[in-house]
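Participant: This is the structure, below, for whatever I ask next.
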Amino acid sequence: MTGQVVVVGSANVDLVVDVPRHPGGGETILGGDLRRTPGGKGANSAVAAARAGGAETTFVGALGRDESAELLLASLGGAGVRTDLVSRVDAPTGTALITVSPDGENAIVVSPGANARLELTAAQVERIARADVVLAQLEIPLDMVRAAAAARRPGARMVLNAAPSQDLPGDVWAALDLLIVNEYEAADLAHTHAAPEELAAALLERVPAVVITLGAEGSLVAQRDRASVRVPGVKVDAVDTTGAGDTFCGVLAAGLARGLDLAGAARLAGAAAALAVTRPGAQDAVPTVAEVEESAK
Ligand code: ATP
């Protein structure tokens with residue numbers, strides 16, 4: 001182990017049902033068998049960081065005291081994520097209700113539950129202060145993103161995957177070292193629709209480095225002090241893109257923690273995310289570093 005990653009974020013159980021079409025208001029329809037799988041942006045990214053190897057990964061988040069919490073702890077632990085500091089609160093574990101239509105379109109309702117009750121403890125703050133990379137997303141209260149950024153040590157990097165999309169206050173922008181967003185989130189934050197290079201240039205006025213993910217096209221790596229780099233996508237037959245972005249962020253964080261430069265970490269992250277989209281599910285689809293290396297041969 002050469003680095004430490006702490007992921008501060010959400011954990012959800014995904015309740016997924018295939019439907020012939022999404023129901024309208026007041027309507028009841030019959031769907032297929034229920035699938036219950038571990039998810040949530042924070043937990044997915046933590047699993048990806050741990051499976052990427054080279055860095056010790058801790059998940060800091062809040063779970064309820066229910067069966068869903070046990071499912072998530074088993075998934076995180078099974079991937080090698082440290083879960084010793086996960087908070088348990090008196091609220092149901094976060095849940096995503098997902099219907100999937102035959103054309104693959106998802107309709108999702110997220111009930112944040114325990115995620116909305118996250119309050120960093122002294123022990124969690126201490127672990128964050130030992131990290132090389134702190135990775136957060138926006139499925140937890142913005143105040144916890146602030147607290148995580150404030151807790152990091154000098155020289156450590158604060159990375160925000162600004163998803164789901166929301167406007168960020170000035171103090172949060174000022175606390176970031178790296179922003180990771182997809183094209184839609186980039187356009188929201190830049191308040192304009194433009195080519196990725198232009199969006200990145202606009203965002204670099206607020207944050208020193210930006211990675212914009214471009215789906216099958218790969219990603220754009222932009223930093224204030226150097227020319228931006230396009231990392232091409234890896235050609236695969238996509239089966240399920242759920243969690244591609246989370247896998248990308250987790251593997252990128254692990255890459256930075258073990259000393260890769262940003263473009264190198266984005267290349268590794270793109271290879272892992274491409275492999276993840278060839279498999280169904282979120283956490284279950286995240287590949288190990290050995291699988292990524294094998295696929296690159
Ligand atoms: P999601 O919400 O589906 O998890 P996202 O919208 O946050 O994803 P994307 O830009 O779609 O983010 O995907 C993240 C990364 O995953 C991309 O930068 C790319 O490296 C990889 N990826 C996604 N889709 C594909 C694909 N069809 N083929 C190859 N790589 C892909």
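So you can find residues: chains in the structure tokens are A, B, ... in the order shown, residues in each start at 1, and ligands are numbered from 1 in order.
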When you look at stretch 271-276 of chain A with a cut-off of 10 Å (counting only C-alpha atoms), what residues show up, excluding the ones that are within fewer than 3 positions of it in the same chain? I need them as a PyMOL selection string.

Facilitator: chain A and resi 48+51-52+215-216+218+232-252+266-268+279-289+291-293+295-296

Participant: Output N, CA and C atoms for every residue in that selection, as a tab-separated table (two decimals), in the first residue's frame.

Facilitator:
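The file below, part_10.tsv, is the result:
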chain	number	residue	atom	x	y	z
A	48	ALA	N	-14.46	0.87	-6.00
A	48	ALA	CA	-13.57	1.02	-7.17
A	48	ALA	C	-12.15	1.37	-6.74
A	51	ARG	N	-10.53	-1.78	-5.21
A	51	ARG	CA	-10.21	-2.82	-6.21
A	51	ARG	C	-9.08	-2.37	-7.13
A	52	ALA	N	-8.87	-1.04	-7.25
A	52	ALA	CA	-7.78	-0.54	-8.10
A	52	ALA	C	-6.43	-0.88	-7.50
A	215	GLY	N	-18.31	9.73	-21.52
A	215	GLY	CA	-18.92	8.45	-21.87
A	215	GLY	C	-17.96	7.61	-22.70
A	216	ALA	N	-18.48	7.02	-23.80
A	216	ALA	CA	-17.67	6.14	-24.65
A	216	ALA	C	-16.47	6.87	-25.26
A	218	GLY	N	-14.37	8.70	-23.67
A	218	GLY	CA	-13.23	8.81	-22.73
A	218	GLY	C	-13.35	10.01	-21.83
A	232	PRO	N	-8.56	8.99	-24.81
A	232	PRO	CA	-9.58	8.32	-25.63
A	232	PRO	C	-10.31	7.23	-24.86
A	233	GLY	N	-11.57	6.98	-25.24
A	233	GLY	CA	-12.34	5.90	-24.61
A	233	GLY	C	-11.80	4.55	-25.05
A	234	VAL	N	-12.05	3.54	-24.23
A	234	VAL	CA	-11.66	2.16	-24.57
A	234	VAL	C	-12.88	1.52	-25.22
A	235	LYS	N	-12.71	0.94	-26.40
A	235	LYS	CA	-13.87	0.38	-27.14
A	235	LYS	C	-14.36	-0.90	-26.47
A	236	VAL	N	-15.63	-0.91	-26.07
A	236	VAL	CA	-16.23	-2.11	-25.46
A	236	VAL	C	-17.69	-2.22	-25.91
A	237	ASP	N	-18.29	-3.39	-25.68
A	237	ASP	CA	-19.72	-3.55	-25.89
A	237	ASP	C	-20.40	-3.23	-24.56
A	238	ALA	N	-21.05	-2.07	-24.48
A	238	ALA	CA	-21.65	-1.65	-23.21
A	238	ALA	C	-22.92	-2.46	-22.93
A	239	VAL	N	-23.02	-2.96	-21.69
A	239	VAL	CA	-24.19	-3.73	-21.26
A	239	VAL	C	-25.01	-2.91	-20.27
A	240	ASP	N	-24.33	-2.22	-19.36
A	240	ASP	CA	-25.00	-1.45	-18.31
A	240	ASP	C	-24.03	-0.37	-17.84
A	241	THR	N	-24.35	0.90	-18.12
A	241	THR	CA	-23.41	1.97	-17.77
A	241	THR	C	-23.59	2.47	-16.33
A	242	THR	N	-24.51	1.85	-15.55
A	242	THR	CA	-24.70	2.28	-14.15
A	242	THR	C	-23.36	2.22	-13.42
A	243	GLY	N	-23.01	3.31	-12.76
A	243	GLY	CA	-21.80	3.29	-11.95
A	243	GLY	C	-20.51	3.52	-12.72
A	244	ALA	N	-20.60	3.79	-14.04
A	244	ALA	CA	-19.36	4.05	-14.80
A	244	ALA	C	-18.63	5.25	-14.22
A	245	GLY	N	-19.39	6.32	-13.97
A	245	GLY	CA	-18.78	7.53	-13.43
A	245	GLY	C	-18.18	7.29	-12.05
A	246	ASP	N	-18.87	6.54	-11.20
A	246	ASP	CA	-18.35	6.27	-9.85
A	246	ASP	C	-17.07	5.43	-9.91
A	247	THR	N	-17.06	4.45	-10.81
A	247	THR	CA	-15.86	3.63	-10.97
A	247	THR	C	-14.69	4.51	-11.41
A	248	PHE	N	-14.97	5.37	-12.39
A	248	PHE	CA	-13.94	6.28	-12.90
A	248	PHE	C	-13.34	7.10	-11.75
A	249	CYS	N	-14.21	7.69	-10.93
A	249	CYS	CA	-13.74	8.57	-9.85
A	249	CYS	C	-12.92	7.81	-8.81
A	250	GLY	N	-13.40	6.63	-8.43
A	250	GLY	CA	-12.69	5.86	-7.40
A	250	GLY	C	-11.32	5.41	-7.88
A	251	VAL	N	-11.24	4.93	-9.11
A	251	VAL	CA	-9.96	4.44	-9.63
A	251	VAL	C	-9.01	5.62	-9.84
A	252	LEU	N	-9.54	6.75	-10.28
A	252	LEU	CA	-8.69	7.94	-10.45
A	252	LEU	C	-8.11	8.37	-9.10
A	266	ALA	N	-6.28	9.21	-15.04
A	266	ALA	CA	-7.51	9.23	-15.85
A	266	ALA	C	-7.49	8.09	-16.86
A	267	ARG	N	-6.31	7.75	-17.38
A	267	ARG	CA	-6.20	6.64	-18.33
A	267	ARG	C	-6.60	5.32	-17.63
A	268	LEU	N	-6.05	5.10	-16.45
A	268	LEU	CA	-6.35	3.89	-15.68
A	268	LEU	C	-7.85	3.85	-15.33
A	279	ARG	N	-20.45	-5.09	-17.73
A	279	ARG	CA	-21.09	-5.98	-16.73
A	279	ARG	C	-22.30	-5.30	-16.11
A	280	PRO	N	-23.33	-6.08	-15.72
A	280	PRO	CA	-24.49	-5.46	-15.07
A	280	PRO	C	-24.19	-5.04	-13.63
A	281	GLY	N	-24.94	-4.06	-13.14
A	281	GLY	CA	-24.83	-3.67	-11.73
A	281	GLY	C	-23.88	-2.51	-11.52
A	282	ALA	N	-23.79	-2.05	-10.25
A	282	ALA	CA	-22.91	-0.93	-9.91
A	282	ALA	C	-21.67	-1.48	-9.23
A	283	GLN	N	-21.72	-1.69	-7.90
A	283	GLN	CA	-20.53	-2.20	-7.19
A	283	GLN	C	-20.10	-3.57	-7.73
A	284	ASP	N	-21.09	-4.41	-8.07
A	284	ASP	CA	-20.77	-5.76	-8.53
A	284	ASP	C	-19.99	-5.73	-9.85
A	285	ALA	N	-20.12	-4.63	-10.61
A	285	ALA	CA	-19.50	-4.56	-11.94
A	285	ALA	C	-18.07	-4.02	-11.90
A	286	VAL	N	-17.62	-3.52	-10.74
A	286	VAL	CA	-16.31	-2.86	-10.68
A	286	VAL	C	-15.18	-3.89	-10.81
A	287	PRO	N	-14.26	-3.72	-11.78
A	287	PRO	CA	-13.20	-4.72	-11.95
A	287	PRO	C	-12.04	-4.53	-10.97
A	288	THR	N	-11.23	-5.57	-10.82
A	288	THR	CA	-10.00	-5.46	-10.03
A	288	THR	C	-8.89	-4.94	-10.93
A	289	VAL	N	-7.79	-4.51	-10.32
A	289	VAL	CA	-6.66	-4.00	-11.10
A	289	VAL	C	-6.12	-5.09	-12.03
A	291	GLU	N	-7.81	-7.47	-13.49
A	291	GLU	CA	-8.71	-7.58	-14.65
A	291	GLU	C	-8.50	-6.42	-15.63
A	292	VAL	N	-8.25	-5.24	-15.08
A	292	VAL	CA	-8.00	-4.07	-15.95
A	292	VAL	C	-6.70	-4.29	-16.74
A	293	GLU	N	-5.67	-4.76	-16.04
A	293	GLU	CA	-4.38	-4.99	-16.72
A	293	GLU	C	-4.51	-6.06	-17.80
A	295	SER	N	-7.21	-6.81	-19.47
A	295	SER	CA	-8.00	-6.30	-20.61
A	295	SER	C	-7.17	-5.37	-21.49
A	296	ALA	N	-6.12	-4.78	-20.91
A	296	ALA	CA	-5.30	-3.82	-21.67
A	296	ALA	C	-4.26	-4.53	-22.54

Participant: Give me the residues of stretch 119-216 of chain A that have any atom at most 9 Å from an atom of stretch 59-66 of chain A; for each, the nearest atom pair and the distance in Å, rounded to one decimal. Use only C-alpha atoms, sort by chain and number, and format it as CSV.

Facilitator:
residue,atom,partner,partner_atom,distance
A:Glu119,CA,A:Ala62,CA,8.2
A:Leu120,CA,A:Val60,CA,8.2
A:Gln124,CA,A:Val60,CA,6.8
A:Ile128,CA,A:Val60,CA,8.8
A:Ile140,CA,A:Gly61,CA,8.5

Participant: Report the distance between atom CA of A:Val81 and atom CA of A:Arg157 in Å, rounded to one decimal place.

Facilitator: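 These atoms are spaced 19.4 Å apart.
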
Participant: Please, what distance in Å, to one decimal, runs between atom CA of A:Arg206 and atom CA of A:Glu183?

Facilitator: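 Calculated distance between atom CA of A:Arg206 and atom CA of A:Glu183 is 16.8 Å.
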
Participant: Would you pick out the contacts of A:Ala190 at 9 Å or less, using only C-alpha atoms, so that residues sharing its chain but fewer than 4 positions from it are not included, and give the list as a list of chain:residue names?

Facilitator: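 The residues satisfying every condition are A:Glu185, A:Ala186, A:Leu199, A:Ala200, A:Ala202, A:Leu203.
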
Participant: Could the residues in this selection be saved with N, CA, C and O atoms as a PDB file, in the first residue's frame?

Facilitator:
ATOM      1  N   GLU A 185     -23.048  17.840 -16.218  1.00  0.00           N
ATOM      2  CA  GLU A 185     -22.729  18.538 -14.971  1.00  0.00           C
ATOM      3  C   GLU A 185     -21.784  19.710 -15.249  1.00  0.00           C
ATOM      4  O   GLU A 185     -21.907  20.784 -14.649  1.00  0.00           O
ATOM      5  N   ALA A 186     -20.844  19.513 -16.171  1.00  0.00           N
ATOM      6  CA  ALA A 186     -19.907  20.591 -16.529  1.00  0.00           C
ATOM      7  C   ALA A 186     -20.685  21.783 -17.088  1.00  0.00           C
ATOM      8  O   ALA A 186     -20.427  22.944 -16.725  1.00  0.00           O
ATOM      9  N   LEU A 199     -15.831  24.249 -21.859  1.00  0.00           N
ATOM     10  CA  LEU A 199     -16.388  24.080 -20.507  1.00  0.00           C
ATOM     11  C   LEU A 199     -15.257  23.975 -19.494  1.00  0.00           C
ATOM     12  O   LEU A 199     -15.295  24.595 -18.428  1.00  0.00           O
ATOM     13  N   ALA A 200     -14.230  23.202 -19.856  1.00  0.00           N
ATOM     14  CA  ALA A 200     -13.095  23.026 -18.935  1.00  0.00           C
ATOM     15  C   ALA A 200     -12.414  24.368 -18.685  1.00  0.00           C
ATOM     16  O   ALA A 200     -12.069  24.702 -17.539  1.00  0.00           O
ATOM     17  N   ALA A 202     -13.733  27.291 -18.730  1.00  0.00           N
ATOM     18  CA  ALA A 202     -14.576  28.090 -17.830  1.00  0.00           C
ATOM     19  C   ALA A 202     -14.445  27.597 -16.390  1.00  0.00           C
ATOM     20  O   ALA A 202     -14.337  28.393 -15.447  1.00  0.00           O
ATOM     21  N   LEU A 203     -14.420  26.272 -16.209  1.00  0.00           N
ATOM     22  CA  LEU A 203     -14.353  25.714 -14.845  1.00  0.00           C
ATOM     23  C   LEU A 203     -12.979  25.945 -14.217  1.00  0.00           C
ATOM     24  O   LEU A 203     -12.871  26.065 -12.985  1.00  0.00           O
TER      25      LEU A 203
END

Participant: Do a neighbour search on A:Ala150 at 10 Å with only C-alpha atoms, toss out local chain neighbours closer than 2 positions, and write the hits as a PyMOL selection string.

Facilitator: chain A and resi 125+128-129+144-148+152-153+158+175

Participant: For the selection you just gave me, I'd like the residues written to a file as a short mmCIF file (atom, residue, chain, number, x, y, z; two decimals), in the first residue's frame, keeping N, CA and C atoms.

Facilitator:
data_model
loop_
_atom_site.label_atom_id
_atom_site.label_comp_id
_atom_site.auth_asym_id
_atom_site.auth_seq_id
_atom_site.Cartn_x
_atom_site.Cartn_y
_atom_site.Cartn_z
N VAL A 125 -12.76 12.53 11.10
CA VAL A 125 -11.94 13.70 10.73
C VAL A 125 -10.45 13.35 10.79
N ILE A 128 -9.52 11.29 7.77
CA ILE A 128 -9.45 12.17 6.59
C ILE A 128 -8.12 12.93 6.60
N ALA A 129 -7.70 13.33 7.79
CA ALA A 129 -6.46 14.12 7.91
C ALA A 129 -5.23 13.29 7.56
N MET A 144 -20.93 18.53 4.82
CA MET A 144 -19.98 17.43 5.05
C MET A 144 -18.86 17.46 4.00
N VAL A 145 -19.17 17.96 2.81
CA VAL A 145 -18.11 18.17 1.80
C VAL A 145 -17.15 19.24 2.32
N ARG A 146 -17.73 20.32 2.85
CA ARG A 146 -16.92 21.40 3.44
C ARG A 146 -16.03 20.86 4.57
N ALA A 147 -16.66 20.06 5.45
CA ALA A 147 -15.92 19.54 6.62
C ALA A 147 -14.80 18.61 6.18
N ALA A 148 -15.06 17.81 5.16
CA ALA A 148 -14.03 16.89 4.67
C ALA A 148 -12.86 17.68 4.09
N ARG A 152 -8.59 17.92 5.57
CA ARG A 152 -7.44 17.31 4.89
C ARG A 152 -6.14 18.01 5.28
N ARG A 153 -5.04 17.23 5.17
CA ARG A 153 -3.75 17.80 5.56
C ARG A 153 -3.18 18.60 4.38
N MET A 158 -8.20 17.37 -2.41
CA MET A 158 -9.65 17.30 -2.24
C MET A 158 -10.29 17.20 -3.62
N ALA A 175 -12.27 25.34 -1.93
CA ALA A 175 -11.70 24.24 -1.15
C ALA A 175 -11.28 23.06 -2.03
#

Participant: Looking only at the backbone, which of the residues in stretch 10-54 of chain A does DSSP tag as strand (DSSP E or B), as a ChimeraX atom specification?

Facilitator: /A:12-18,35-39

Participant: Just C-alpha atoms for this one: save the residues we selected as a PDB file, in the first residue's frame.

Facilitator:
ATOM      1  CA  ASN A  12     -27.640   3.217  -1.080  1.00  0.00           C
ATOM      2  CA  VAL A  13     -29.312  -0.076  -1.682  1.00  0.00           C
ATOM      3  CA  ASP A  14     -30.625  -0.147  -5.258  1.00  0.00           C
ATOM      4  CA  LEU A  15     -34.052  -1.812  -5.595  1.00  0.00           C
ATOM      5  CA  VAL A  16     -34.347  -2.562  -9.302  1.00  0.00           C
ATOM      6  CA  VAL A  17     -37.360  -3.854 -11.272  1.00  0.00           C
ATOM      7  CA  ASP A  18     -37.563  -4.361 -15.051  1.00  0.00           C
ATOM      8  CA  ARG A  35     -33.120  -7.162  -7.606  1.00  0.00           C
ATOM      9  CA  ARG A  36     -31.506  -5.738  -4.473  1.00  0.00           C
ATOM     10  CA  THR A  37     -27.941  -4.567  -5.096  1.00  0.00           C
ATOM     11  CA  PRO A  38     -25.400  -2.377  -3.291  1.00  0.00           C
ATOM     12  CA  GLY A  39     -24.978   1.119  -4.731  1.00  0.00           C
TER      13      GLY A  39
END

Participant: Enumerate, as number ranges by chain, the complete set of residues in stretch 86-276 of chain A that a backbone-based DSSP assignment places in helix (DSSP H, G or I).

Facilitator: A: 113-117, 122-129, 142-151, 170-174, 183-190, 196-203, 215-217, 244-257, 262-276

Participant: Extract, using only C-alpha atoms, all DNA, RNA and protein residues at most 7 Å from A:Val5, discarding same-chain residues fewer than 4 positions from it, and format them as an NGL selection string.

Facilitator: :A and (55-58 or 131-134 or 253-254 or 257)

Participant: Identify which of the residues A:Ala162, A:Leu189, A:Val210, A:Ala195 lies closest to ligand 1, counting only C-alpha atoms and all ligand atoms when measuring atom-to-atom distances.

Facilitator: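 That would be A:Ala162, the residue with the smallest distance to ligand 1.
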
Participant: Pick from A:Gly40, A:Pro169, A:Pro92, A:Gly77: nearest to ligand 1, with only C-alpha atoms and all ligand atoms counted?

Facilitator: A:Gly40

Participant: Can you work out which one of A:Glu197, A:Glu217, A:Glu105, A:Glu294 has the shortest atom-to-atom distance to ligand 1, counting only C-alpha atoms and all ligand atoms?

Facilitator: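 Closest residue, counting only C-alpha atoms and all ligand atoms: A:Glu217.
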